[in-house]
$ cat query23.cif   # mmCIF, C-alpha atoms
data_protein
loop_
_atom_site.label_atom_id
_atom_site.label_comp_id
_atom_site.auth_asym_id
_atom_site.auth_seq_id
_atom_site.Cartn_x
_atom_site.Cartn_y
_atom_site.Cartn_z
CA MET N 24 122.85 4.96 135.44
CA LEU N 25 125.50 2.24 135.40
CA ALA N 26 126.73 3.58 138.75
CA TYR N 27 123.77 1.80 140.41
CA ASP N 28 125.95 -1.24 141.00
CA PHE N 29 125.71 -3.68 143.92
CA GLY N 30 128.76 -5.65 142.74
CA GLY N 31 129.63 -8.32 140.21
CA LEU N 32 127.98 -11.23 142.04
CA HIS N 33 124.67 -9.43 142.61
CA PRO N 34 121.75 -10.41 140.31
CA MET N 35 120.87 -6.74 139.67
CA ASN N 36 123.72 -6.25 137.19
CA PRO N 37 123.89 -2.76 135.65
CA GLU N 38 125.08 -4.31 132.39
CA ARG N 39 121.39 -4.82 131.58
CA LEU N 40 121.03 -1.03 131.22
CA HIS N 41 124.01 -0.80 128.87
CA LEU N 42 122.55 -3.58 126.74
CA THR N 43 119.13 -1.90 126.70
CA ALA N 44 120.62 1.41 125.59
CA ARG N 45 122.69 -0.30 122.88
CA LEU N 46 119.73 -2.31 121.60
CA THR N 47 117.56 0.82 121.54
CA ARG N 48 120.16 2.65 119.47
CA ASP N 49 120.84 -0.27 117.13
CA CYS N 50 117.11 -0.68 116.43
CA GLY N 51 116.91 2.98 115.42
CA LEU N 52 114.33 3.86 118.07
CA LEU N 53 116.21 7.00 119.10
CA ASP N 54 116.24 8.24 115.49
CA ARG N 55 112.48 8.28 115.18
CA ARG N 56 110.75 11.60 114.78
CA GLY N 57 109.71 13.12 118.09
CA VAL N 58 111.97 10.91 120.23
CA THR N 59 114.45 12.75 122.45
CA VAL N 60 116.87 11.57 125.13
CA ALA N 61 117.08 13.60 128.36
CA ARG N 62 119.92 13.24 130.84
CA PRO N 63 118.52 12.22 134.25
CA PHE N 64 119.30 14.63 137.07
CA VAL N 65 120.25 13.62 140.61
CA ALA N 66 117.10 14.08 142.70
CA SER N 67 117.51 16.45 145.63
CA ASP N 68 116.74 15.46 149.21
CA GLU N 69 113.62 17.61 148.93
CA ASP N 70 112.56 15.69 145.81
CA LEU N 71 113.09 12.36 147.57
CA ALA N 72 111.32 13.49 150.76
CA CYS N 73 108.01 13.54 148.90
CA VAL N 74 107.94 9.73 149.32
CA HIS N 75 110.80 8.92 151.73
CA SER N 76 111.37 9.95 155.34
CA PRO N 77 114.22 12.40 156.10
CA ASP N 78 115.75 9.87 158.51
CA TYR N 79 115.89 7.28 155.75
CA ILE N 80 117.50 9.66 153.26
CA SER N 81 120.10 10.52 155.89
CA ALA N 82 120.74 6.82 156.49
CA VAL N 83 121.32 6.22 152.77
CA ARG N 84 123.72 9.16 152.64
CA LEU N 85 125.64 7.81 155.63
CA VAL N 86 126.03 4.30 154.21
CA SER N 87 126.84 5.78 150.79
CA SER N 88 129.79 7.72 152.20
CA ASN N 89 130.96 4.78 154.32
CA PRO N 90 129.97 1.51 152.62
CA ASP N 91 131.68 -0.56 155.32
CA ARG N 92 128.73 0.36 157.55
CA SER N 93 125.40 -1.41 157.50
CA ASP N 94 121.99 -0.30 158.68
CA ALA N 95 119.72 -3.31 158.79
CA ALA N 96 116.89 -1.28 160.32
CA HIS N 97 116.71 0.68 157.06
CA GLY N 98 117.48 -2.34 154.86
CA LEU N 99 120.94 -1.03 153.92
CA GLY N 100 124.10 -3.09 153.74
CA THR N 101 122.13 -6.33 153.55
CA GLU N 102 122.51 -9.27 151.17
CA ASP N 103 119.81 -7.87 148.90
CA ASN N 104 120.97 -4.26 149.17
CA PRO N 105 124.75 -4.24 149.68
CA ALA N 106 126.21 -0.83 150.47
CA PHE N 107 128.49 0.74 147.87
CA ALA N 108 130.30 4.06 147.60
CA GLY N 109 128.07 6.63 145.92
CA MET N 110 124.88 4.65 146.57
CA HIS N 111 122.89 7.79 147.38
CA GLU N 112 123.80 9.69 144.22
CA ALA N 113 123.36 6.63 141.96
CA SER N 114 119.93 5.88 143.45
CA ALA N 115 118.88 9.54 143.36
CA ARG N 116 119.81 9.71 139.67
CA LEU N 117 117.45 6.83 138.87
CA ALA N 118 114.75 8.73 140.78
CA GLY N 119 115.64 11.88 138.88
CA GLY N 120 114.97 10.08 135.62
CA SER N 121 111.37 9.38 136.61
CA LEU N 122 110.91 12.84 138.13
CA GLY N 123 112.16 14.36 134.89
CA ALA N 124 109.62 12.25 133.01
CA ALA N 125 106.85 13.59 135.25
CA ASP N 126 108.07 17.17 134.77
CA ALA N 127 108.04 16.78 130.97
CA ILE N 128 104.46 15.50 131.02
CA LEU N 129 103.35 18.26 133.39
CA GLN N 130 104.97 20.89 131.17
CA GLY N 131 103.29 19.45 128.09
CA THR N 132 106.58 18.88 126.26
CA THR N 133 105.77 15.18 125.85
CA VAL N 134 102.91 12.76 126.41
CA ARG N 135 105.03 9.62 126.83
CA ALA N 136 108.27 9.07 128.70
CA VAL N 137 110.39 6.03 129.55
CA ASN N 138 112.94 5.54 132.32
CA PHE N 139 114.36 2.09 131.62
CA GLY N 140 116.64 2.35 134.66
CA GLY N 141 113.65 3.01 136.90
CA GLY N 142 110.93 0.96 138.52
CA MET N 143 112.41 0.52 142.00
CA HIS N 144 109.07 -0.55 143.39
CA HIS N 145 110.14 -2.36 146.59
CA ALA N 146 111.60 0.71 148.31
CA ALA N 147 109.24 1.84 151.07
CA ARG N 148 109.02 5.20 152.82
CA SER N 149 111.72 4.37 155.37
CA ARG N 150 113.35 1.16 154.15
CA ALA N 151 115.27 -0.28 151.21
CA SER N 152 114.15 -3.66 149.96
CA GLY N 153 114.58 -6.05 147.05
CA PHE N 154 117.46 -4.22 145.29
CA CYS N 155 115.56 -0.91 145.54
CA ILE N 156 116.89 2.13 147.44
CA TYR N 157 114.70 5.05 146.32
CA ASN N 158 111.26 4.45 144.82
CA ASP N 159 111.43 6.46 141.60
CA ALA N 160 108.02 5.28 140.40
CA ALA N 161 106.33 6.48 143.59
CA ALA N 162 108.27 9.75 143.41
CA SER N 163 106.99 10.40 139.89
CA VAL N 164 103.41 9.65 140.96
CA GLN N 165 103.71 12.07 143.89
CA ARG N 166 105.28 14.73 141.65
CA LEU N 167 102.30 14.49 139.30
CA LEU N 168 99.88 14.84 142.21
CA ASP N 169 101.75 17.74 143.80
CA ARG N 170 101.74 19.67 140.56
CA GLY N 171 98.18 19.32 139.44
CA ALA N 172 97.16 15.76 138.55
CA GLN N 173 93.95 14.69 140.28
CA ARG N 174 94.23 10.92 139.79
CA VAL N 175 97.22 8.75 138.85
CA LEU N 176 96.95 5.07 137.94
CA TYR N 177 99.97 2.89 138.77
CA ILE N 178 100.14 -0.44 136.90
CA ASP N 179 102.83 -2.96 137.90
CA VAL N 180 103.45 -6.14 135.88
CA ASP N 181 106.86 -7.04 137.35
CA ALA N 182 107.02 -10.67 138.52
CA HIS N 183 107.26 -9.37 142.11
CA HIS N 184 104.53 -7.55 144.00
CA GLY N 185 104.91 -3.76 143.91
CA ASP N 186 104.78 -3.60 147.69
CA GLY N 187 106.75 -0.39 148.25
CA THR N 188 104.65 1.71 145.90
CA GLN N 189 101.46 0.21 147.31
CA SER N 190 102.51 1.02 150.88
CA ILE N 191 103.38 4.64 150.06
CA PHE N 192 99.92 5.30 148.60
CA TRP N 193 97.98 2.89 150.84
CA ASP N 194 95.72 5.65 152.21
CA ASP N 195 95.52 7.88 149.13
CA ARG N 196 92.35 7.74 147.04
CA ARG N 197 94.05 9.83 144.34
CA VAL N 198 96.22 6.84 143.41
CA MET N 199 95.07 3.42 142.30
CA THR N 200 97.82 0.78 142.41
CA ILE N 201 97.28 -2.39 140.40
CA SER N 202 99.88 -5.15 140.68
CA LEU N 203 99.90 -8.45 138.78
CA HIS N 204 102.66 -10.71 140.08
CA GLU N 205 103.70 -14.24 140.96
CA THR N 206 101.96 -15.28 144.17
CA GLY N 207 103.69 -14.38 147.40
CA MET N 208 103.33 -18.03 148.37
CA SER N 209 106.32 -18.77 146.13
CA LEU N 210 108.12 -15.44 145.56
CA PHE N 211 109.54 -12.44 147.39
CA PRO N 212 108.23 -10.26 149.02
CA GLY N 213 105.49 -12.65 150.13
CA THR N 214 102.74 -10.03 149.86
CA GLY N 215 100.22 -8.87 147.29
CA PHE N 216 97.14 -10.97 147.97
CA ALA N 217 93.58 -10.07 147.03
CA ASN N 218 92.68 -8.97 150.56
CA GLU N 219 95.19 -6.10 150.38
CA THR N 220 92.81 -3.43 149.15
CA GLY N 221 93.90 -0.10 150.67
CA GLY N 222 93.75 1.79 153.94
CA PRO N 223 90.77 3.33 155.74
CA GLY N 224 88.90 5.57 153.33
CA ALA N 225 90.87 4.20 150.38
CA GLU N 226 89.49 0.68 150.26
CA GLY N 227 89.55 -0.66 146.71
CA TYR N 228 92.34 1.65 145.55
CA ALA N 229 94.99 -1.05 146.01
CA VAL N 230 94.39 -3.99 143.67
CA ASN N 231 96.39 -7.21 143.68
CA VAL N 232 96.29 -10.20 141.35
CA ALA N 233 98.46 -13.00 142.76
CA LEU N 234 99.17 -15.26 139.79
CA PRO N 235 99.86 -19.00 139.98
CA THR N 236 103.55 -19.79 140.34
CA VAL N 237 104.08 -21.01 136.76
CA ALA N 238 101.23 -19.07 135.15
CA GLY N 239 102.55 -18.62 131.60
CA ASP N 240 101.39 -16.25 128.87
CA ALA N 241 97.73 -17.22 128.63
CA ALA N 242 96.98 -16.91 132.35
CA VAL N 243 98.90 -13.65 132.75
CA LEU N 244 97.25 -11.98 129.76
CA ARG N 245 93.80 -13.28 130.76
CA ALA N 246 94.26 -11.79 134.24
CA PHE N 247 95.51 -8.50 132.85
CA HIS N 248 92.63 -8.01 130.43
CA ALA N 249 90.03 -9.20 132.95
CA VAL N 250 91.08 -6.65 135.57
CA VAL N 251 93.16 -3.70 134.37
CA PRO N 252 91.09 -2.04 131.59
CA GLN N 253 87.84 -2.13 133.60
CA LEU N 254 89.37 -0.65 136.74
CA ALA N 255 91.32 1.92 134.74
CA GLY N 256 88.14 3.05 133.01
CA ALA N 257 86.28 3.39 136.29
CA PHE N 258 89.14 5.29 137.93
CA ALA N 259 89.59 7.68 134.96
CA PRO N 260 93.22 8.69 135.56
CA ASP N 261 94.89 11.88 134.40
CA VAL N 262 98.20 10.03 133.92
CA ILE N 263 99.35 6.41 133.97
CA VAL N 264 102.66 5.33 135.53
CA SER N 265 103.64 1.73 134.83
CA GLN N 266 106.35 -0.68 135.95
CA HIS N 267 107.39 -3.31 133.41
CA GLY N 268 110.05 -5.34 135.20
CA CYS N 269 111.22 -7.93 132.68
CA ASP N 270 111.80 -10.57 135.37
CA SER N 271 108.58 -12.38 134.54
CA HIS N 272 110.44 -13.83 131.53
CA ARG N 273 110.59 -17.61 131.31
CA GLU N 274 114.40 -17.63 131.51
CA ASP N 275 114.73 -15.38 134.55
CA PRO N 276 116.56 -17.38 137.24
CA LEU N 277 114.82 -15.77 140.23
CA THR N 278 111.15 -16.08 139.21
CA ASN N 279 108.79 -18.71 137.86
CA LEU N 280 106.01 -17.04 135.83
CA ARG N 281 107.35 -18.27 132.45
CA VAL N 282 106.20 -15.28 130.40
CA SER N 283 107.44 -14.64 126.86
CA VAL N 284 108.70 -11.37 125.40
CA ASP N 285 105.59 -11.36 123.19
CA ALA N 286 103.30 -11.40 126.23
CA GLN N 287 105.35 -8.70 127.97
CA HIS N 288 105.07 -6.61 124.81
CA ALA N 289 101.31 -7.20 124.63
CA MET N 290 100.87 -5.78 128.14
CA MET N 291 102.98 -2.72 127.26
CA VAL N 292 100.86 -2.08 124.17
CA ALA N 293 97.72 -2.51 126.27
CA VAL N 294 98.93 0.10 128.78
CA ARG N 295 99.74 2.46 125.90
CA ASP N 296 96.23 1.99 124.51
CA LEU N 297 94.69 2.69 127.92
CA ALA N 298 96.68 5.92 128.18
CA ASP N 299 95.55 6.97 124.71
CA ARG N 300 91.92 6.19 125.53
CA LEU N 301 91.70 7.55 129.07
CA CYS N 302 94.23 10.35 129.59
CA GLY N 303 95.35 11.88 126.33
CA GLY N 304 98.26 9.49 126.01
CA ARG N 305 99.98 10.71 129.17
CA TRP N 306 102.10 7.77 130.29
CA ILE N 307 105.37 7.17 132.15
CA ALA N 308 106.87 3.71 131.71
CA THR N 309 109.61 2.38 134.01
#

$ encode --input "query23.cif" --output "structure tokens"
Amino acid sequence: MLAYDFGGLHPMNPERLHLTARLTRDCGLLDRRGVTVARPFVASDEDLACVHSPDYISAVRLVSSNPDRSDAAHGLGTEDNPAFAGMHEASARLAGGSLGAADAILQGTTVRAVNFGGGMHHAARSRASGFCIYNDAAASVQRLLDRGAQRVLYIDVDAHHGDGTQSIFWDDRRVMTISLHETGMSLFPGTGFANETGGPGAEGYAVNVALPTVAGDAAVLRAFHAVVPQLAGAFAPDVIVSQHGCDSHREDPLTNLRVSVDAQHAMMVAVRDLADRLCGGRWIAT
């Protein structure tokens, strides 16, 4: 996963994944009964085409093999998404991690799975955006639907609006996307307002809570508990897929929400409890 590397000056430093893995090991989480580690596979073009256009996948492959090229129309080789050698394979491996999580839940070999290198929620069907090349979270949702799930709930508590995932499922009543994020008035990508509710026939299946710029723990948790459990209960999902970008933290240099680790943890526990109550514990966290 460390191969997903935009360069030393880019804010999306892969070192964060190394530190996460080391902390997980040092805390003994991987030694707990029932916990297993699965190597993520590189998603095939067919896997990726469930949520991305063939032209876009070809464009990523082209830039990946020749990183001196840029393709601004597809969001590749830009300041946010610099091209690098092996970009396609590195991005497809992150997607493979979330697809593998979906496969394990579908096969009944686990009820919970985590891809801590995943959550690339800005990638749209035909465009890279916001450090995200392939949308692994959306791919896992689509995999679940294609292989038997009737309804999948996507919960996104990253500081940024989950615009890519929302756009991919904009017209799909089988997916409810709920995103709580810093208002687009002050933060990229400038979307995610309350009037974004879903496409024709799927109105109400996209839910957005645009939080005040410096909301803090109390406001974020109040918004979460006022909105998410009630909608989740009404939707009655078969599986929950969640995105827990840690950039809402008060020390993150690119965002302003000022959330503590304790509040981030409280939302994770709340999602876990929803999965236990509504869908037999079936939950993929990215």

$ resolve_selection --input "query23.cif" --expression "the PyMOL selection byres ((chain N and resi 207) around 12)" --output "VMD selection string"
chain N and resid 182 to 186 203 to 206 208 to 217 231 to 236 278 to 279

$ atom_distance --input "query23.cif" --atom1 "CA of Ala151 in chain N" --atom2 "CA of Tyr79 in chain N"
8.8 Å

$ resolve_selection --input "query23.cif" --expression "the PyMOL selection byres ((chain N and resi 226) around 12)" --output "ChimeraX atom specification"
/N:192-200,217-225,227-230

$ resolve_selection --input "query23.cif" --expression "the PyMOL selection byres ((chain N and resi 165) around 10)" --output "ChimeraX atom specification"
/N:70,73-74,122,125,159-164,166-170,172,175,191-192,197-198

$ residues_near_point --input "query23.cif" --point "(113.7, 2.9, 136.3)" --cutoff "7 Å" --atoms "all atoms listed in the file" --output "NGL selection string"
:N and (117 or 121 or 138-143 or 159 or 309)

$ decode --input "query23.cif" --residues "range 43-189 of chain N" --atoms "C-alpha atoms" --output "short mmCIF file (atom, residue, chain, number, x, y, z; two decimals), in the first residue's frame"
data_model
loop_
_atom_site.label_atom_id
_atom_site.label_comp_id
_atom_site.auth_asym_id
_atom_site.auth_seq_id
_atom_site.Cartn_x
_atom_site.Cartn_y
_atom_site.Cartn_z
CA THR N 43 -1.02 2.84 11.32
CA ALA N 44 0.19 -0.70 10.68
CA ARG N 45 2.94 -0.36 13.29
CA LEU N 46 0.59 1.09 15.90
CA THR N 47 -1.94 -1.67 15.22
CA ARG N 48 0.72 -4.32 15.76
CA ASP N 49 2.22 -2.66 18.84
CA CYS N 50 -1.22 -2.39 20.47
CA GLY N 51 -1.72 -6.13 19.99
CA LEU N 52 -4.86 -5.70 17.88
CA LEU N 53 -3.66 -8.23 15.31
CA ASP N 54 -3.12 -10.85 18.03
CA ARG N 55 -6.73 -10.83 19.15
CA ARG N 56 -8.79 -13.93 18.61
CA GLY N 57 -10.63 -13.90 15.30
CA VAL N 58 -8.53 -11.12 13.73
CA THR N 59 -6.79 -12.01 10.48
CA VAL N 60 -4.79 -9.95 7.99
CA ALA N 61 -5.47 -10.48 4.27
CA ARG N 62 -3.13 -9.28 1.55
CA PRO N 63 -4.99 -6.88 -0.78
CA PHE N 64 -5.09 -7.95 -4.42
CA VAL N 65 -4.70 -5.63 -7.40
CA ALA N 66 -8.22 -5.03 -8.71
CA SER N 67 -8.70 -6.00 -12.35
CA ASP N 68 -9.99 -3.59 -14.98
CA GLU N 69 -13.27 -5.51 -14.85
CA ASP N 70 -13.44 -4.99 -11.08
CA LEU N 71 -12.80 -1.26 -11.47
CA ALA N 72 -15.27 -0.89 -14.35
CA CYS N 73 -18.15 -1.53 -11.96
CA VAL N 74 -17.77 2.11 -10.84
CA HIS N 75 -15.33 3.69 -13.32
CA SER N 76 -15.60 4.21 -17.08
CA PRO N 77 -13.31 2.15 -19.36
CA ASP N 78 -11.93 5.37 -20.87
CA TYR N 79 -10.91 6.59 -17.43
CA ILE N 80 -9.20 3.32 -16.50
CA SER N 81 -7.29 3.48 -19.79
CA ALA N 82 -6.27 7.06 -19.02
CA VAL N 83 -4.93 6.05 -15.60
CA ARG N 84 -2.98 3.20 -17.17
CA LEU N 85 -1.48 5.57 -19.76
CA VAL N 86 -0.35 8.15 -17.21
CA SER N 87 0.88 5.36 -14.92
CA SER N 88 3.21 4.03 -17.61
CA ASN N 89 4.36 7.51 -18.62
CA PRO N 90 4.17 9.84 -15.60
CA ASP N 91 5.60 12.75 -17.59
CA ARG N 92 2.19 12.98 -19.26
CA SER N 93 -0.79 14.74 -17.77
CA ASP N 94 -4.48 14.38 -18.48
CA ALA N 95 -6.30 17.28 -16.89
CA ALA N 96 -9.62 16.20 -18.40
CA HIS N 97 -9.45 13.09 -16.21
CA GLY N 98 -7.86 14.89 -13.25
CA LEU N 99 -4.51 13.14 -13.71
CA GLY N 100 -1.11 14.78 -13.46
CA THR N 101 -2.54 17.75 -11.58
CA GLU N 102 -1.32 19.44 -8.40
CA ASP N 103 -3.71 17.36 -6.30
CA ASN N 104 -3.14 14.13 -8.22
CA PRO N 105 0.44 14.13 -9.54
CA ALA N 106 1.24 11.28 -11.91
CA PHE N 107 3.73 8.67 -10.73
CA ALA N 108 5.08 5.44 -12.19
CA GLY N 109 2.87 2.53 -11.19
CA MET N 110 -0.08 4.75 -10.27
CA HIS N 111 -2.60 2.33 -11.76
CA GLU N 112 -1.38 -0.74 -9.89
CA ALA N 113 -0.96 1.13 -6.58
CA SER N 114 -4.48 2.60 -6.84
CA ALA N 115 -5.99 -0.72 -7.95
CA ARG N 116 -4.41 -2.43 -4.93
CA LEU N 117 -6.16 -0.02 -2.56
CA ALA N 118 -9.40 -0.83 -4.38
CA GLY N 119 -8.61 -4.53 -4.11
CA GLY N 120 -8.40 -4.19 -0.35
CA SER N 121 -11.99 -2.97 -0.14
CA LEU N 122 -13.20 -5.46 -2.74
CA GLY N 123 -11.59 -8.25 -0.73
CA ALA N 124 -13.41 -6.97 2.35
CA ALA N 125 -16.72 -7.13 0.46
CA ASP N 126 -15.93 -10.64 -0.79
CA ALA N 127 -15.19 -11.85 2.76
CA ILE N 128 -18.50 -10.49 4.04
CA LEU N 129 -20.41 -11.97 1.10
CA GLN N 130 -18.79 -15.36 1.68
CA GLY N 131 -19.64 -15.22 5.37
CA THR N 132 -16.01 -15.63 6.48
CA THR N 133 -16.22 -12.39 8.47
CA VAL N 134 -18.76 -9.81 9.57
CA ARG N 135 -16.35 -6.88 9.94
CA ALA N 136 -13.47 -5.78 7.75
CA VAL N 137 -11.15 -2.77 7.69
CA ASN N 138 -9.12 -1.31 4.83
CA PHE N 139 -7.13 1.47 6.47
CA GLY N 140 -5.53 2.36 3.13
CA GLY N 141 -8.95 2.83 1.56
CA GLY N 142 -11.62 5.51 1.54
CA MET N 143 -10.77 7.26 -1.73
CA HIS N 144 -14.13 8.98 -1.79
CA HIS N 145 -13.44 11.88 -4.18
CA ALA N 146 -12.78 9.72 -7.25
CA ALA N 147 -15.75 9.95 -9.62
CA ARG N 148 -16.75 7.62 -12.43
CA SER N 149 -14.49 9.29 -15.00
CA ARG N 150 -12.24 11.62 -13.03
CA ALA N 151 -9.62 11.63 -10.29
CA SER N 152 -10.00 14.25 -7.60
CA GLY N 153 -8.70 15.20 -4.17
CA PHE N 154 -5.82 12.68 -3.97
CA CYS N 155 -8.17 9.86 -5.05
CA ILE N 156 -7.66 7.81 -8.24
CA TYR N 157 -9.98 4.80 -7.88
CA ASN N 158 -12.96 4.90 -5.51
CA ASP N 159 -12.47 1.74 -3.47
CA ALA N 160 -15.39 2.49 -1.16
CA ALA N 161 -17.80 2.79 -4.08
CA ALA N 162 -16.34 -0.36 -5.64
CA SER N 163 -17.01 -2.32 -2.47
CA VAL N 164 -20.59 -1.02 -2.31
CA GLN N 165 -21.18 -2.04 -5.94
CA ARG N 166 -19.60 -5.46 -5.33
CA LEU N 167 -22.02 -6.05 -2.46
CA LEU N 168 -24.98 -5.06 -4.64
CA ASP N 169 -23.85 -7.14 -7.62
CA ARG N 170 -23.53 -10.23 -5.48
CA GLY N 171 -26.73 -10.19 -3.53
CA ALA N 172 -27.06 -7.27 -1.12
CA GLN N 173 -30.35 -5.42 -1.51
CA ARG N 174 -29.47 -2.20 0.33
CA VAL N 175 -26.08 -0.77 1.34
CA LEU N 176 -25.66 2.22 3.65
CA TYR N 177 -22.59 4.40 3.06
CA ILE N 178 -21.61 6.66 5.99
CA ASP N 179 -18.83 9.23 5.47
CA VAL N 180 -17.41 11.26 8.37
CA ASP N 181 -14.25 12.51 6.63
CA ALA N 182 -13.80 16.29 6.96
CA HIS N 183 -14.42 16.57 3.20
CA HIS N 184 -17.69 15.83 1.43
CA GLY N 185 -17.82 12.32 -0.05
CA ASP N 186 -18.68 13.73 -3.45
CA GLY N 187 -17.33 10.94 -5.66
CA THR N 188 -19.21 8.17 -3.90
CA GLN N 189 -22.37 10.28 -3.85
#
